[in-house]
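Student: Handing you this structure, nothing more for now.
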Amino acid sequence: MLPWKRALRPLAALLLTAAVATVPAATAHAADTAPSSGWNDYSCKPSAAHPRPVVLVHGTLGNSVDNWLSLAPYLKDRGYCVYSLDYGQLTGVPVFYGLGPIDKSAEQLAAFVDKVLAATGAAKADLVGHSQGGLMPRYYLKFLGGATKVNALVGLAPDNHGATLNGLTNLLPYFPGAADLIKATTPGLADQIPGSGFLTKLNAGGDTVPGVHYTVIATKYDEVATPWQSQYLSGSDVHNVLLQDLCSLDLSEHVAIGLFDRIAFHEVANALDPAHAGATTCASAFS
C-alpha cells in the first residue's frame with residue numbers, strides 16, 4: 001500500500017462512518033422515553049373501528065419520541081392506540097438509537113409487541129416503521145414468530161434491500177478499513193449495507209411471509225435507500241406506493257417522509273384501515 005493511502009485510511013473510515021450516520025438523523029434531538037400520555041398510553045383500549053394497536057418503529061439514529069412527533073398524534077387523533085419503542089442502543093450513546101445489530105433490535109421489538117398486546121388485550125398489532133424501522137420488523141416477522149402477532153407492516157422509505165446513500169457505500173472497498181470500522185462501531189449501519197450477511201439472510205427465500213399485509217411508501221427523492229425502487233417488496237400481499245404518484249408536488253426525501261409528510265401519513269392510515277381508505281392526493285396534506 002502506498003504511504004499516503006496508509007495515512008489516509010483511518011480518516012477515510014471515520015468520514016464514511018459519519019456520512020452513513022448523519023444523513024438519516026437530521027432532526028433527532030429529544031428525550032429517551034416516549035410520552036406517557038397521547039401515545040404510549042397503556043390504559044388505551046382499541047376500539048371496534050380500530051381493533052389493533054399501532055407500534056411505531058423509528059429509523060437509524062432516531063428514537064421513540066423524535067421520529068413520531070407528527071405521525072403519532074396524527075394516528076391518535078384518528079382513534080388508534082399508538083405506541084413507540086427505543087431499540088438498537090449502544091452503550092454510552094444516548095438519544096441516537098438503531099445502531100446495534102439488527103437481529104438483536106428485532107428481539108427488542110418482539111418483547112415490546114408482546115407488552116403492547118398484553119396491555120391492550122388485542123390479538124395482533126400493526127407496525128409502522130421509518131427507514132430501518134420498516135426493514136428490521138421483517139426479521140421479527142420471518143424469524144422470531146412475529147407473523148402470528150402482526151396484521152400489517154407499513155414501511156416509510158424502508159431500506160429493504162440496503163441503503164447505498166446514492167452510491168456512497170459502493171466506495172467502501174476503496175477505503176481499506178472503513179467497512180470493518182463501521183461493523184465494529186455501529187453494527188446496525190453495517191447490517192444495512194447492500195450485500196451484508198444480515199440482508200442476505202433476511203431476503204433469502206422471498207421478501208415476505210404469509211399472513212401479513214405489507215405496504216411500502218417510497219419517495220423518488222430518497223437519498224439514503226437508493227435507488228428508491230430497492231425499497232419495494234415482492235410478494236402476494238404487497239402494496240408498493242411511490243409518493244409522487246399520489247402527489248407529483250410532494251418533494252419529501254428520506255427524512256421528511258417519516259417526520260412530517262401528511263400525504264404519506266394519509267397513505268399510512270389507508271394501509272391500517274383499507275376498508276375505509278380514501279384517495280390520497282396533494283390535498284391530503286391538509287386533512
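In the C-alpha cells, the first chain shown is A, the next is B, and so on; residue numbers restart at 1 for each chain, and ligands run from 1 in the order shown.
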From the DSSP assignment of the backbone, select every residue of segment 112-278 of chain A that is strand (DSSP E), and format the answer as a list in words.
Tutor: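 Reading the DSSP output for segment 112-278 of chain A, strand (DSSP E) covers Ala125, Asp126, Leu127, Val128, Gly129, His130, Val150, Asn151, Ala152, Leu153, Val154, Gly155, Leu156, His213, Tyr214, Thr215, Val216, Ile217, Ala218, Val238, His239, Asn240, Val241 and Leu242 of chain A.
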Student: Applying 7 Å and only C-alpha atoms, which residues near segment 128-140 of chain A remain after dropping the ones on its own chain fewer than 6 positions away? List them as number ranges by chain.
Tutor: A: 55-60, 102-103, 106, 110, 146, 153-160, 202, 258
Student: Got time to write the residues from that selection, C-alpha atoms, as a compact mmCIF listing (two decimals), in the first residue's frame?
Tutor:
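Once written, part02.txt looks like this:
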```
# COMPACT_ATOMS: atom_id res chain seq x y z
CA VAL A 55 -46.50 0.17 17.08
CA LEU A 56 -44.20 2.81 15.58
CA VAL A 57 -40.63 1.73 14.85
CA HIS A 58 -38.11 4.57 14.46
CA GLY A 59 -35.25 4.71 11.96
CA THR A 60 -31.49 4.69 12.32
CA ILE A 102 -30.47 -5.52 13.70
CA ASP A 103 -31.26 -9.09 14.71
CA ALA A 106 -35.75 -7.34 16.32
CA ALA A 110 -40.68 -8.78 19.76
CA GLY A 146 -43.92 -12.13 14.64
CA LEU A 153 -46.29 -3.83 8.31
CA VAL A 154 -46.18 -0.36 6.77
CA GLY A 155 -42.76 0.93 5.75
CA LEU A 156 -41.97 4.60 5.13
CA ALA A 157 -38.82 4.68 2.99
CA PRO A 158 -37.67 1.28 4.27
CA ASP A 159 -34.24 0.15 3.09
CA ASN A 160 -35.48 -3.36 2.40
CA LEU A 202 -33.33 -11.73 5.54
CA GLY A 258 -41.33 9.84 8.07
```
Student: Which neighbours of segment 86-100 of chain A fall inside 6 Å, counting only C-alpha atoms, when residues of the same chain fewer than 6 positions from it are skipped, and could you give them as a PyMOL selection string?
Tutor: chain A and resi 32+60-64+186-188
Student: Would you output that residue set with C-alpha atoms, as a short mmCIF file (atom, residue, chain, number, x, y, z; two decimals), in the first residue's frame?
Tutor:
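Result written to part.cif:
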```cif
data_model
loop_
_atom_site.label_atom_id
_atom_site.label_comp_id
_atom_site.auth_asym_id
_atom_site.auth_seq_id
_atom_site.Cartn_x
_atom_site.Cartn_y
_atom_site.Cartn_z
CA ASP A 32 -35.05 8.99 25.99
CA THR A 60 -31.49 4.69 12.32
CA LEU A 61 -30.31 7.36 14.76
CA GLY A 62 -33.91 8.10 15.65
CA ASN A 63 -35.77 7.41 18.88
CA SER A 64 -39.26 6.75 20.16
CA THR A 186 -22.09 0.67 14.54
CA PRO A 187 -23.17 -2.85 13.52
CA GLY A 188 -26.70 -1.64 12.76
#
```
Student: List as a list in words the protein and nucleic acid residues near Leu69 of chain A, meaning an atom at most 8 Å away when only C-alpha atoms are counted, but skip any in the same chain fewer than 4 places from it.
Tutor: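 Once the adjacent positions are removed, what remains is Val65, Pro73 and Leu259 of chain A.
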Student: Can you list, as a list in words, every protein, DNA or RNA residue that comes within 7 Å of segment 47-52 of chain A when you count only C-alpha atoms, leaving out same-chain residues fewer than 5 positions away?
Tutor: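 Counting only the stated atoms, we get Gly79, Tyr80, Ala122, Lys124, Ala125 and Asp126 of chain A.
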Student: Identify, on the basis of only C-alpha atoms, every residue whose closest approach to segment 216-221 of chain A does not exceed 7 Å; exclude the query and any residue fewer than 2 positions from it along the same chain; express the result as a VMD selection string.
Tutor: chain A and resid 154 to 157 214 223 228 231 to 232 239 to 244 251 to 253
Student: Point out the residue among A:Asp41, A:Gln108, A:Leu249, A:Leu117 with the least atom-to-atom distance to Tyr83 of chain A, counting only C-alpha atoms.
Tutor: A:Asp41
Student: Please return, as a VMD selection string, all residues of segment 83-204 of chain A that DSSP assigns to alpha helix (DSSP H) on the basis of the backbone.
Tutor: chain A and resid 102 to 120 132 to 143 178 to 185 187 to 191 197 to 203
Student: Nearest residue to Leu168 of chain A out of A:Val224, A:Ala123, A:Ile257, A:Val268, using only C-alpha atoms?
Tutor: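 Checking each candidate against Leu168 of chain A, we get A:Val224 as the closest.
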Student: What does the structure give for the distance between atom CA of Val150 of chain A and atom CA of Val116 of chain A, in Å to one decimal?
Tutor: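 Rounded to one decimal, the two atoms are 11.6 Å apart.
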Student: Restricting the calculation to only C-alpha atoms: of A:Lys183, A:Lys201, A:Arg262, A:Lys45, which residue gets closest to Ser70 of chain A?
Tutor: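 Nearest to Ser70 of chain A: A:Arg262.
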Student: Identify which of the residues A:Cys81, A:Cys247, A:Ala285, A:Ala118 lies closest to Phe260 of chain A, counting only C-alpha atoms when measuring atom-to-atom distances.
Tutor: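 Of A:Cys81, A:Cys247, A:Ala285, A:Ala118, the one nearest Phe260 of chain A is A:Ala285, counting only C-alpha atoms.
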Student: Record the distance separating atom CA of Arg78 of chain A and atom CA of Ala111 of chain A, expressed in Å with one decimal.
Tutor: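 Between atom CA of Arg78 of chain A and atom CA of Ala111 of chain A the gap works out to 26.1 Å.
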